[in-house]
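Chemist: Supplied structure: query_12.txt, compact mmCIF, C-alpha atoms and all ligand atoms.
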```txt
# COMPACT_ATOMS: atom_id res chain seq x y z
CA MET A 115 9.51 1.64 -21.38
CA GLN A 116 9.77 -2.10 -21.82
CA LYS A 117 7.95 -4.30 -19.35
CA LYS A 118 8.70 -7.96 -18.78
CA GLU A 119 7.70 -10.44 -16.08
CA ILE A 120 8.85 -8.85 -12.83
CA SER A 121 9.55 -10.97 -9.76
CA LYS A 122 7.60 -10.36 -6.56
CA ALA A 123 10.87 -9.65 -4.75
CA VAL A 124 11.57 -6.73 -7.10
CA ILE A 125 8.03 -5.40 -6.75
CA ASN A 126 8.39 -5.61 -2.96
CA ARG A 127 11.49 -3.41 -3.16
CA LEU A 128 9.95 -0.75 -5.40
CA PRO A 129 8.00 1.15 -2.70
CA ARG A 130 11.25 1.63 -0.82
CA TYR A 131 13.01 3.02 -3.93
CA TYR A 132 10.01 5.25 -4.45
CA ARG A 133 10.19 6.58 -0.90
CA TYR A 134 13.93 7.26 -1.04
CA LEU A 135 13.66 8.99 -4.38
CA GLY A 136 10.74 11.06 -3.03
CA ASP A 137 12.95 12.16 -0.12
CA LEU A 138 15.73 13.08 -2.55
CA LEU A 139 13.30 15.07 -4.68
CA GLU A 140 12.21 17.01 -1.61
CA LYS A 141 15.86 17.90 -1.07
CA ASP A 142 16.11 19.06 -4.70
CA VAL A 143 18.58 16.33 -5.64
CA VAL A 144 18.55 16.13 -9.44
CA ARG A 145 20.59 13.02 -10.07
CA ILE A 146 22.16 10.17 -8.19
CA SER A 147 24.53 7.34 -9.05
CA SER A 148 23.61 3.75 -8.24
CA LYS A 149 26.59 3.80 -5.84
CA GLU A 150 25.22 6.77 -3.86
CA LEU A 151 21.71 5.34 -3.90
CA SER A 152 23.11 2.03 -2.71
CA GLU A 153 24.95 3.69 0.18
CA ARG A 154 21.81 5.51 1.29
CA MET A 155 19.53 2.51 0.95
CA LYS A 156 22.03 -0.09 2.14
CA VAL A 157 21.37 -2.24 -0.92
CA THR A 158 24.24 -3.22 -3.23
CA ALA A 159 24.71 -1.05 -6.31
CA SER A 160 24.45 -4.14 -8.48
CA GLN A 161 21.11 -5.03 -6.88
CA ILE A 162 19.83 -1.55 -7.70
CA ARG A 163 21.05 -1.81 -11.30
CA GLN A 164 19.54 -5.27 -11.65
CA ASP A 165 16.22 -4.19 -10.16
CA LEU A 166 15.91 -1.12 -12.34
CA ASN A 167 17.06 -2.98 -15.46
CA ASN A 168 13.85 -4.97 -15.15
CA PHE A 169 12.11 -1.88 -16.44
CA GLY A 170 14.49 -1.18 -19.27
CA GLY A 171 17.01 0.60 -17.02
CA PHE A 172 16.63 4.26 -16.24
CA GLY A 173 20.27 5.09 -15.69
CA GLN A 174 22.86 6.52 -18.03
CA GLN A 175 26.51 5.56 -17.95
CA GLY A 176 28.47 8.33 -16.23
CA TYR A 177 25.36 10.29 -15.32
CA GLY A 178 23.53 8.02 -12.90
CA TYR A 179 19.81 8.27 -12.44
CA ASN A 180 17.66 11.31 -12.96
CA VAL A 181 15.82 11.38 -9.64
CA GLU A 182 12.61 12.98 -10.86
CA TYR A 183 12.33 10.71 -13.88
CA LEU A 184 13.10 7.56 -11.90
CA HIS A 185 10.65 8.56 -9.15
CA SER A 186 7.91 9.18 -11.67
CA GLU A 187 8.60 5.96 -13.65
CA ILE A 188 8.60 3.83 -10.50
CA GLY A 189 5.42 5.64 -9.45
CA LYS A 190 3.84 4.61 -12.78
CA ILE A 191 4.95 1.00 -12.32
CA LEU A 192 3.37 1.04 -8.86
CA GLY A 193 0.19 2.50 -10.32
CA LEU A 194 0.61 5.74 -8.40
CA ASP A 195 -0.02 7.90 -11.44
CA ARG A 196 -3.75 7.55 -10.83
CA LYS A 197 -6.14 8.21 -7.97
CA TYR A 198 -7.82 5.51 -5.92
CA HIS A 199 -11.13 5.83 -4.12
CA MET A 200 -11.09 3.88 -0.92
CA ILE A 201 -13.64 2.89 1.70
CA ILE A 202 -13.04 1.41 5.12
CA ILE A 203 -15.28 -1.32 6.53
CA GLY A 204 -15.14 -1.24 10.32
CA ALA A 205 -14.77 2.07 12.17
CA GLY A 206 -13.16 0.66 15.31
CA ASN A 207 -9.64 1.31 16.59
CA LEU A 208 -7.83 0.30 13.42
CA GLY A 209 -10.39 1.65 10.96
CA GLN A 210 -10.27 5.02 12.71
CA ALA A 211 -6.48 5.02 12.75
CA LEU A 212 -6.41 4.41 8.98
CA ALA A 213 -9.04 7.08 8.36
CA ASN A 214 -7.07 9.55 10.46
CA TYR A 215 -3.89 9.05 8.46
CA ALA A 216 -3.94 11.98 6.07
CA ASP A 217 -0.82 10.99 4.14
CA PHE A 218 -2.63 8.32 2.12
CA ASP A 219 -4.20 11.22 0.20
CA LYS A 220 -0.78 12.50 -0.81
CA LYS A 221 -0.05 9.23 -2.59
CA GLY A 222 -3.41 9.24 -4.34
CA PHE A 223 -5.45 7.04 -1.99
CA PHE A 224 -8.59 8.91 -0.93
CA VAL A 225 -10.79 7.55 1.85
CA LYS A 226 -14.31 8.45 0.77
CA ALA A 227 -16.49 6.67 3.34
CA ILE A 228 -16.37 4.38 6.34
CA PHE A 229 -18.96 1.74 7.16
CA ASP A 230 -19.90 0.12 10.44
CA ILE A 231 -22.83 -1.57 12.19
CA ASN A 232 -22.44 0.21 15.52
CA PRO A 233 -25.25 2.79 15.92
CA ASN A 234 -22.98 4.85 18.21
CA LEU A 235 -20.53 5.33 15.36
CA ILE A 236 -22.91 5.68 12.42
CA GLY A 237 -23.39 9.34 11.50
CA SER A 238 -20.15 10.43 13.19
CA GLN A 239 -17.20 11.79 11.23
CA ILE A 240 -13.55 10.84 11.26
CA ARG A 241 -11.29 13.48 9.71
CA GLY A 242 -14.38 14.81 7.98
CA ILE A 243 -15.27 11.40 6.52
CA GLU A 244 -18.74 10.12 7.40
CA VAL A 245 -19.29 6.77 9.09
CA LYS A 246 -22.22 5.20 7.28
CA SER A 247 -24.37 2.21 8.15
CA MET A 248 -23.54 -1.12 6.52
CA ASP A 249 -27.13 -1.07 5.30
CA GLU A 250 -26.08 1.70 2.91
CA LEU A 251 -23.07 -0.16 1.52
CA GLU A 252 -24.75 -1.76 -1.48
CA ASP A 253 -26.38 1.47 -2.68
CA TYR A 254 -23.14 3.35 -2.09
CA LEU A 255 -21.20 0.89 -4.24
CA ILE A 256 -23.81 1.08 -6.99
CA SER A 257 -23.58 4.87 -7.17
CA ASN A 258 -19.90 5.44 -6.34
CA LYS A 259 -16.71 4.13 -7.89
CA VAL A 260 -14.69 2.36 -5.23
CA ASP A 261 -11.29 0.92 -6.14
CA ILE A 262 -10.14 -0.34 -2.76
CA ALA A 263 -11.92 -1.45 0.42
CA ALA A 264 -9.95 -1.74 3.64
CA ILE A 265 -11.35 -4.45 5.91
CA THR A 266 -10.97 -3.71 9.62
CA VAL A 267 -13.78 -5.77 11.13
CA PRO A 268 -13.53 -8.80 13.45
CA LYS A 269 -12.08 -11.79 11.62
CA THR A 270 -15.29 -13.84 11.66
CA LYS A 271 -17.06 -11.08 9.73
CA ALA A 272 -14.33 -10.44 7.18
CA PRO A 273 -14.87 -13.30 4.66
CA GLY A 274 -18.60 -12.57 4.20
CA ILE A 275 -18.02 -8.84 3.85
CA ALA A 276 -15.17 -9.42 1.38
CA SER A 277 -17.41 -11.65 -0.77
CA ASP A 278 -20.13 -8.99 -0.77
CA LEU A 279 -17.61 -6.34 -1.78
CA ALA A 280 -16.34 -8.57 -4.61
CA ARG A 281 -19.89 -9.28 -5.80
CA LEU A 282 -20.55 -5.53 -5.84
CA GLY A 283 -17.52 -4.89 -8.05
CA VAL A 284 -14.73 -3.85 -5.67
CA LYS A 285 -11.50 -5.10 -7.23
CA GLY A 286 -8.99 -4.24 -4.49
CA ILE A 287 -9.18 -5.49 -0.92
CA TRP A 288 -6.77 -4.25 1.74
CA ASN A 289 -7.32 -6.90 4.36
CA PHE A 290 -6.32 -6.31 7.97
CA ALA A 291 -8.47 -9.06 9.48
CA PRO A 292 -6.31 -12.03 10.49
CA THR A 293 -8.01 -14.47 8.15
CA ASP A 294 -7.58 -15.67 4.58
CA LEU A 295 -10.07 -14.44 2.04
CA ASN A 296 -11.06 -16.64 -0.88
CA LEU A 297 -12.19 -14.31 -3.60
CA PRO A 298 -12.57 -14.50 -7.37
CA LYS A 299 -9.33 -14.14 -9.36
CA ASP A 300 -10.19 -10.68 -10.63
CA VAL A 301 -10.10 -9.35 -7.07
CA THR A 302 -6.67 -8.43 -5.74
CA VAL A 303 -6.11 -8.89 -2.03
CA GLU A 304 -3.25 -7.36 -0.09
CA ASN A 305 -3.03 -8.70 3.46
CA VAL A 306 -1.44 -6.56 6.15
CA HIS A 307 -0.60 -8.35 9.36
CA LEU A 308 1.46 -6.33 11.82
CA ILE A 309 1.77 -9.43 13.98
CA ASP A 310 3.69 -11.21 11.18
CA SER A 311 6.16 -8.37 11.22
CA LEU A 312 6.44 -8.58 15.02
CA MET A 313 7.04 -12.32 14.77
CA LYS A 314 9.87 -11.69 12.28
CA LEU A 315 11.31 -9.19 14.73
CA SER A 316 11.06 -11.64 17.63
CA TYR A 317 12.71 -14.33 15.48
CA ARG A 318 15.63 -12.02 14.73
CA LEU A 319 15.91 -11.00 18.38
CA SER A 320 15.99 -14.60 19.53
CA GLU A 321 18.56 -15.41 16.82
CA LYS A 322 20.80 -12.69 18.31
CA ASP A 323 20.26 -14.08 21.82
CA GLU A 324 21.58 -17.43 20.64
CA GLU A 325 24.73 -15.92 19.09
P1 LIG B 401 -12.54 -2.91 16.99
O1 LIG B 401 -13.39 -3.84 17.76
O2 LIG B 401 -12.05 -1.65 17.64
O3 LIG B 401 -13.29 -2.50 15.63
C1 LIG B 401 -14.06 -3.36 14.85
C2 LIG B 401 -15.20 -2.56 14.25
O4 LIG B 401 -15.88 -3.40 13.30
C3 LIG B 401 -16.22 -2.10 15.29
O5 LIG B 401 -16.44 -0.70 15.16
C4 LIG B 401 -17.46 -2.91 14.95
O6 LIG B 401 -18.66 -2.22 15.21
C5 LIG B 401 -17.25 -3.13 13.46
N1 LIG B 401 -18.00 -4.27 12.93
C6 LIG B 401 -18.26 -5.46 13.51
N2 LIG B 401 -18.98 -6.24 12.68
C7 LIG B 401 -19.17 -5.53 11.56
C8 LIG B 401 -19.84 -5.77 10.32
N3 LIG B 401 -20.46 -6.93 10.08
N4 LIG B 401 -19.86 -4.81 9.40
C9 LIG B 401 -19.23 -3.62 9.62
N5 LIG B 401 -18.61 -3.31 10.76
C10 LIG B 401 -18.56 -4.27 11.72
O7 LIG B 401 -11.32 -3.78 16.49
P2 LIG B 401 -9.90 -3.29 15.93
O8 LIG B 401 -8.91 -3.30 17.01
O9 LIG B 401 -10.10 -2.05 15.14
O10 LIG B 401 -9.55 -4.49 14.95
C11 LIG B 401 -10.32 -4.68 13.77
C12 LIG B 401 -9.79 -5.86 12.96
O11 LIG B 401 -8.45 -5.59 12.58
C13 LIG B 401 -9.74 -7.17 13.75
O12 LIG B 401 -10.01 -8.21 12.85
C14 LIG B 401 -8.32 -7.24 14.23
O13 LIG B 401 -7.89 -8.56 14.45
C15 LIG B 401 -7.61 -6.62 13.06
N6 LIG B 401 -6.32 -6.02 13.36
C16 LIG B 401 -5.33 -6.27 12.48
C17 LIG B 401 -4.11 -5.71 12.61
C18 LIG B 401 -3.13 -5.99 11.54
O14 LIG B 401 -1.96 -5.72 11.70
N7 LIG B 401 -3.55 -6.55 10.46
C19 LIG B 401 -3.77 -4.87 13.74
C20 LIG B 401 -4.88 -4.63 14.63
C21 LIG B 401 -6.11 -5.20 14.43
```
Would it be possible to restate this file's structure as structure tokens?
Modeler:
Amino acid sequence: MQKKEISKAVINRLPRYYRYLGDLLEKDVVRISSKELSERMKVTASQIRQDLNNFGGFGQQGYGYNVEYLHSEIGKILGLDRKYHMIIIGAGNLGQALANYADFDKKGFFVKAIFDINPNLIGSQIRGIEVKSMDELEDYLISNKVDIAAITVPKTKAPGIASDLARLGVKGIWNFAPTDLNLPKDVTVENVHLIDSLMKLSYRLSEKDEE
């Protein structure tokens, strides 16, 4: 498979292709044309062809796309052909909600430990995963491979914790704290802000009101 520089917009669309193809696989659909895929996903067929051509094109004229192959190739592009060990820093409302979500495992993201400073939480378990003290974090990171750390602590605490994680070799930060993190270039940060999504929704609602 040939790889060239892929735009962020295309990368942003790939998880959705992956999900749709996963649903089709579950329904034992073997192949699909770009037209059918476009109708289901409400994306133009030419957009789909253009997007997938970025990766050398997986379709065949007159046959369409082989669902299993396309699903697995997009999975590889997204890095889902490997397993990720994850920890969560902050076992409050959000940290617990993430830890309780079992479906991350199915995609290869395994929550191995949760860390907090609250003595009432330390030693408890969430979905069988132990909440450890922050005092144990450094030793844990020295003896365990951690690919991704989710940060679900108050925003004032997040930058310091993120820097510590980076210094201790964590290369992926899934940041939920509403603050920017300035980390070395070799650390990849993905920010998730539900409020941004709500603001986009409110913008669209108010646009409709004006119509
Ligand atoms: P919470 O107060 O329920 O949980 C925060 C947890 O962090 C507590 O258990 C606390 O003991 C722990 N903590 C505090 N300082 C710590 C430290 N230095 N080291 C380790 N643990 C520490 O708060 P909630 O609702 O879970 O929110 C957590 C963070 O996530 C906040 O920054 C909040 O703004 C953010 N958030 C982000 C959302 C998003 O869409 N990105 C949605 C909801 C919350």
Chemist: Figure out the distance between atom CA of A:Ile287 and atom CA of A:Tyr317, please, to one decimal in Å.
Modeler: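 Between atom CA of A:Tyr317 and atom CA of A:Ile287 the gap is 28.7 Å.
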Chemist: Quote the spacing between atom CA of A:Leu128 and atom C12 of ligand LIG 401 (chain B) in Å to one decimal place.
Modeler: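 It comes out at 27.4 Å.
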Chemist: Calculate how many Å separate atom C19 of ligand LIG 401 (chain B) from atom CA of A:Phe223, rounding to one decimal.
Modeler: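 For atom C19 of ligand LIG 401 (chain B) relative to atom CA of A:Phe223, the distance reads 19.8 Å.
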Chemist: Could you give me, as a PDB file with C-alpha atoms, in the coordinates of the input, the residues within 7 Å of stretch 295-312 of chain A, counting all atoms listed in the file and dropping anything in the same chain fewer than 2 positions from it?
Modeler:
```
ATOM      1  CA  PRO A 273     -14.870 -13.300   4.660  1.00  0.00           C
ATOM      2  CA  SER A 277     -17.410 -11.650  -0.770  1.00  0.00           C
ATOM      3  CA  ALA A 280     -16.340  -8.570  -4.610  1.00  0.00           C
ATOM      4  CA  LYS A 285     -11.500  -5.100  -7.230  1.00  0.00           C
ATOM      5  CA  GLY A 286      -8.990  -4.240  -4.490  1.00  0.00           C
ATOM      6  CA  ILE A 287      -9.180  -5.490  -0.920  1.00  0.00           C
ATOM      7  CA  TRP A 288      -6.770  -4.250   1.740  1.00  0.00           C
ATOM      8  CA  ASN A 289      -7.320  -6.900   4.360  1.00  0.00           C
ATOM      9  CA  PHE A 290      -6.320  -6.310   7.970  1.00  0.00           C
ATOM     10  CA  PRO A 292      -6.310 -12.030  10.490  1.00  0.00           C
ATOM     11  CA  THR A 293      -8.010 -14.470   8.150  1.00  0.00           C
ATOM     12  CA  LYS A 314       9.870 -11.690  12.280  1.00  0.00           C
ATOM     13  CA  LEU A 315      11.310  -9.190  14.730  1.00  0.00           C
ATOM     14  CA  SER A 316      11.060 -11.640  17.630  1.00  0.00           C
TER      15      SER A 316
END
```
Chemist: A:Ile162, A:Met313, A:Val144, A:Val157: which is nearest ligand LIG 401 (chain B), counting all atoms listed in the file?
Modeler: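 Checking each of A:Ile162, A:Met313, A:Val144, A:Val157 against ligand LIG 401 (chain B), counting all atoms listed in the file, the winner is A:Met313.
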Chemist: Please give me, as a CSV table (one decimal) with C-alpha atoms, keeping the file's coordinate frame, the residues lying within 7 Å of ligand LIG 401 (chain B) when counting all atoms listed in the file.
Modeler:
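What landed in part.csv:
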```
chain,number,residue,atom,x,y,z
A,203,ILE,CA,-15.3,-1.3,6.5
A,204,GLY,CA,-15.1,-1.2,10.3
A,205,ALA,CA,-14.8,2.1,12.2
A,206,GLY,CA,-13.2,0.7,15.3
A,207,ASN,CA,-9.6,1.3,16.6
A,208,LEU,CA,-7.8,0.3,13.4
A,209,GLY,CA,-10.4,1.6,11.0
A,229,PHE,CA,-19.0,1.7,7.2
A,230,ASP,CA,-19.9,0.1,10.4
A,231,ILE,CA,-22.8,-1.6,12.2
A,232,ASN,CA,-22.4,0.2,15.5
A,248,MET,CA,-23.5,-1.1,6.5
A,266,THR,CA,-11.0,-3.7,9.6
A,267,VAL,CA,-13.8,-5.8,11.1
A,268,PRO,CA,-13.5,-8.8,13.4
A,269,LYS,CA,-12.1,-11.8,11.6
A,271,LYS,CA,-17.1,-11.1,9.7
A,275,ILE,CA,-18.0,-8.8,3.8
A,290,PHE,CA,-6.3,-6.3,8.0
A,291,ALA,CA,-8.5,-9.1,9.5
A,292,PRO,CA,-6.3,-12.0,10.5
A,306,VAL,CA,-1.4,-6.6,6.2
A,307,HIS,CA,-0.6,-8.4,9.4
A,308,LEU,CA,1.5,-6.3,11.8
A,309,ILE,CA,1.8,-9.4,14.0
```
Chemist: Set the distance at 12 Å and use all atoms listed in the file: which residues neighbour A:Glu140 once local chain neighbours fewer than 5 positions away are removed? I'd like the list as a list in words.
Modeler: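 Counting all atoms listed in the file, the residues come to Arg133, Tyr134, Leu135, Val181, Glu182 and His185 of chain A.
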Chemist: Generate all heavy atoms for stretch 122-133 of chain A and emit them as an mmCIF file, in the coordinates of the input.
Modeler:
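Dumped everything to part05.cif:
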```
data_model
loop_
_atom_site.group_PDB
_atom_site.id
_atom_site.type_symbol
_atom_site.label_atom_id
_atom_site.label_comp_id
_atom_site.auth_asym_id
_atom_site.auth_seq_id
_atom_site.Cartn_x
_atom_site.Cartn_y
_atom_site.Cartn_z
ATOM 1 N N LYS A 122 8.253 -10.966 -7.719
ATOM 2 C CA LYS A 122 7.600 -10.360 -6.560
ATOM 3 C C LYS A 122 8.618 -9.647 -5.675
ATOM 4 O O LYS A 122 8.339 -8.607 -5.092
ATOM 5 C CB LYS A 122 6.895 -11.440 -5.733
ATOM 6 C CG LYS A 122 5.471 -11.628 -6.132
ATOM 7 C CD LYS A 122 4.692 -12.250 -4.983
ATOM 8 C CE LYS A 122 3.229 -12.323 -5.360
ATOM 9 N NZ LYS A 122 2.576 -13.498 -4.892
ATOM 10 N N ALA A 123 9.830 -10.239 -5.608
ATOM 11 C CA ALA A 123 10.870 -9.650 -4.750
ATOM 12 C C ALA A 123 11.193 -8.232 -5.229
ATOM 13 O O ALA A 123 11.367 -7.317 -4.421
ATOM 14 C CB ALA A 123 12.110 -10.518 -4.763
ATOM 15 N N VAL A 124 11.266 -8.062 -6.553
ATOM 16 C CA VAL A 124 11.570 -6.730 -7.100
ATOM 17 C C VAL A 124 10.415 -5.775 -6.790
ATOM 18 O O VAL A 124 10.632 -4.655 -6.316
ATOM 19 C CB VAL A 124 11.841 -6.799 -8.622
ATOM 20 C CG1 VAL A 124 12.057 -5.417 -9.196
ATOM 21 C CG2 VAL A 124 13.034 -7.697 -8.906
ATOM 22 N N ILE A 125 9.204 -6.245 -7.021
ATOM 23 C CA ILE A 125 8.030 -5.400 -6.750
ATOM 24 C C ILE A 125 8.013 -4.976 -5.278
ATOM 25 O O ILE A 125 7.717 -3.834 -4.947
ATOM 26 C CB ILE A 125 6.708 -6.145 -7.088
ATOM 27 C CG1 ILE A 125 6.682 -6.556 -8.560
ATOM 28 C CG2 ILE A 125 5.475 -5.320 -6.727
ATOM 29 C CD1 ILE A 125 6.574 -5.450 -9.557
ATOM 30 N N ASN A 126 8.373 -5.924 -4.402
ATOM 31 C CA ASN A 126 8.390 -5.610 -2.960
ATOM 32 C C ASN A 126 9.403 -4.530 -2.626
ATOM 33 O O ASN A 126 9.247 -3.811 -1.649
ATOM 34 C CB ASN A 126 8.720 -6.857 -2.140
ATOM 35 C CG ASN A 126 7.526 -7.777 -2.041
ATOM 36 O OD1 ASN A 126 6.396 -7.345 -2.256
ATOM 37 N ND2 ASN A 126 7.771 -9.038 -1.741
ATOM 38 N N ARG A 127 10.462 -4.431 -3.453
ATOM 39 C CA ARG A 127 11.490 -3.410 -3.160
ATOM 40 C C ARG A 127 11.124 -2.041 -3.737
ATOM 41 O O ARG A 127 11.664 -1.027 -3.313
ATOM 42 C CB ARG A 127 12.848 -3.868 -3.698
ATOM 43 C CG ARG A 127 13.486 -4.965 -2.841
ATOM 44 C CD ARG A 127 14.950 -5.136 -3.167
ATOM 45 N NE ARG A 127 15.171 -5.783 -4.446
ATOM 46 C CZ ARG A 127 15.273 -7.107 -4.615
ATOM 47 N NH1 ARG A 127 15.169 -7.917 -3.598
ATOM 48 N NH2 ARG A 127 15.484 -7.614 -5.807
ATOM 49 N N LEU A 128 10.228 -2.024 -4.712
ATOM 50 C CA LEU A 128 9.950 -0.750 -5.400
ATOM 51 C C LEU A 128 9.410 0.361 -4.475
ATOM 52 O O LEU A 128 9.836 1.517 -4.603
ATOM 53 C CB LEU A 128 8.993 -0.957 -6.567
ATOM 54 C CG LEU A 128 9.585 -1.660 -7.790
ATOM 55 C CD1 LEU A 128 8.561 -1.670 -8.917
ATOM 56 C CD2 LEU A 128 10.858 -0.973 -8.265
ATOM 57 N N PRO A 129 8.481 0.047 -3.548
ATOM 58 C CA PRO A 129 8.000 1.150 -2.700
ATOM 59 C C PRO A 129 9.128 1.828 -1.940
ATOM 60 O O PRO A 129 9.094 3.039 -1.713
ATOM 61 C CB PRO A 129 7.024 0.451 -1.735
ATOM 62 C CG PRO A 129 6.545 -0.744 -2.485
ATOM 63 C CD PRO A 129 7.745 -1.190 -3.280
ATOM 64 N N ARG A 130 10.135 1.043 -1.568
ATOM 65 C CA ARG A 130 11.250 1.630 -0.820
ATOM 66 C C ARG A 130 12.065 2.550 -1.736
ATOM 67 O O ARG A 130 12.430 3.650 -1.347
ATOM 68 C CB ARG A 130 12.113 0.505 -0.237
ATOM 69 C CG ARG A 130 13.131 0.989 0.722
ATOM 70 C CD ARG A 130 13.564 -0.055 1.729
ATOM 71 N NE ARG A 130 14.693 0.479 2.475
ATOM 72 C CZ ARG A 130 15.953 0.133 2.255
ATOM 73 N NH1 ARG A 130 16.260 -0.769 1.331
ATOM 74 N NH2 ARG A 130 16.920 0.693 2.956
ATOM 75 N N TYR A 131 12.329 2.116 -2.975
ATOM 76 C CA TYR A 131 13.010 3.020 -3.930
ATOM 77 C C TYR A 131 12.196 4.294 -4.089
ATOM 78 O O TYR A 131 12.733 5.393 -4.105
ATOM 79 C CB TYR A 131 13.134 2.360 -5.317
ATOM 80 C CG TYR A 131 14.154 1.246 -5.422
ATOM 81 C CD1 TYR A 131 13.797 -0.028 -5.826
ATOM 82 C CD2 TYR A 131 15.499 1.481 -5.146
ATOM 83 C CE1 TYR A 131 14.727 -1.049 -5.931
ATOM 84 C CE2 TYR A 131 16.437 0.464 -5.254
ATOM 85 C CZ TYR A 131 16.037 -0.798 -5.647
ATOM 86 O OH TYR A 131 16.965 -1.796 -5.755
ATOM 87 N N TYR A 132 10.896 4.111 -4.218
ATOM 88 C CA TYR A 132 10.010 5.250 -4.450
ATOM 89 C C TYR A 132 10.100 6.248 -3.295
ATOM 90 O O TYR A 132 10.178 7.450 -3.502
ATOM 91 C CB TYR A 132 8.576 4.740 -4.640
ATOM 92 C CG TYR A 132 7.614 5.815 -5.060
ATOM 93 C CD1 TYR A 132 7.562 6.250 -6.384
ATOM 94 C CD2 TYR A 132 6.764 6.412 -4.139
ATOM 95 C CE1 TYR A 132 6.694 7.248 -6.776
ATOM 96 C CE2 TYR A 132 5.886 7.412 -4.524
ATOM 97 C CZ TYR A 132 5.857 7.818 -5.842
ATOM 98 O OH TYR A 132 5.003 8.821 -6.225
ATOM 99 N N ARG A 133 10.112 5.709 -2.079
ATOM 100 C CA ARG A 133 10.190 6.580 -0.900
ATOM 101 C C ARG A 133 11.519 7.329 -0.849
ATOM 102 O O ARG A 133 11.563 8.535 -0.610
ATOM 103 C CB ARG A 133 10.049 5.738 0.370
ATOM 104 C CG ARG A 133 8.733 5.906 1.047
ATOM 105 C CD ARG A 133 8.686 5.279 2.415
ATOM 106 N NE ARG A 133 8.923 3.857 2.436
ATOM 107 C CZ ARG A 133 9.945 3.274 3.034
ATOM 108 N NH1 ARG A 133 10.845 3.985 3.683
ATOM 109 N NH2 ARG A 133 10.084 1.961 3.004
#
```
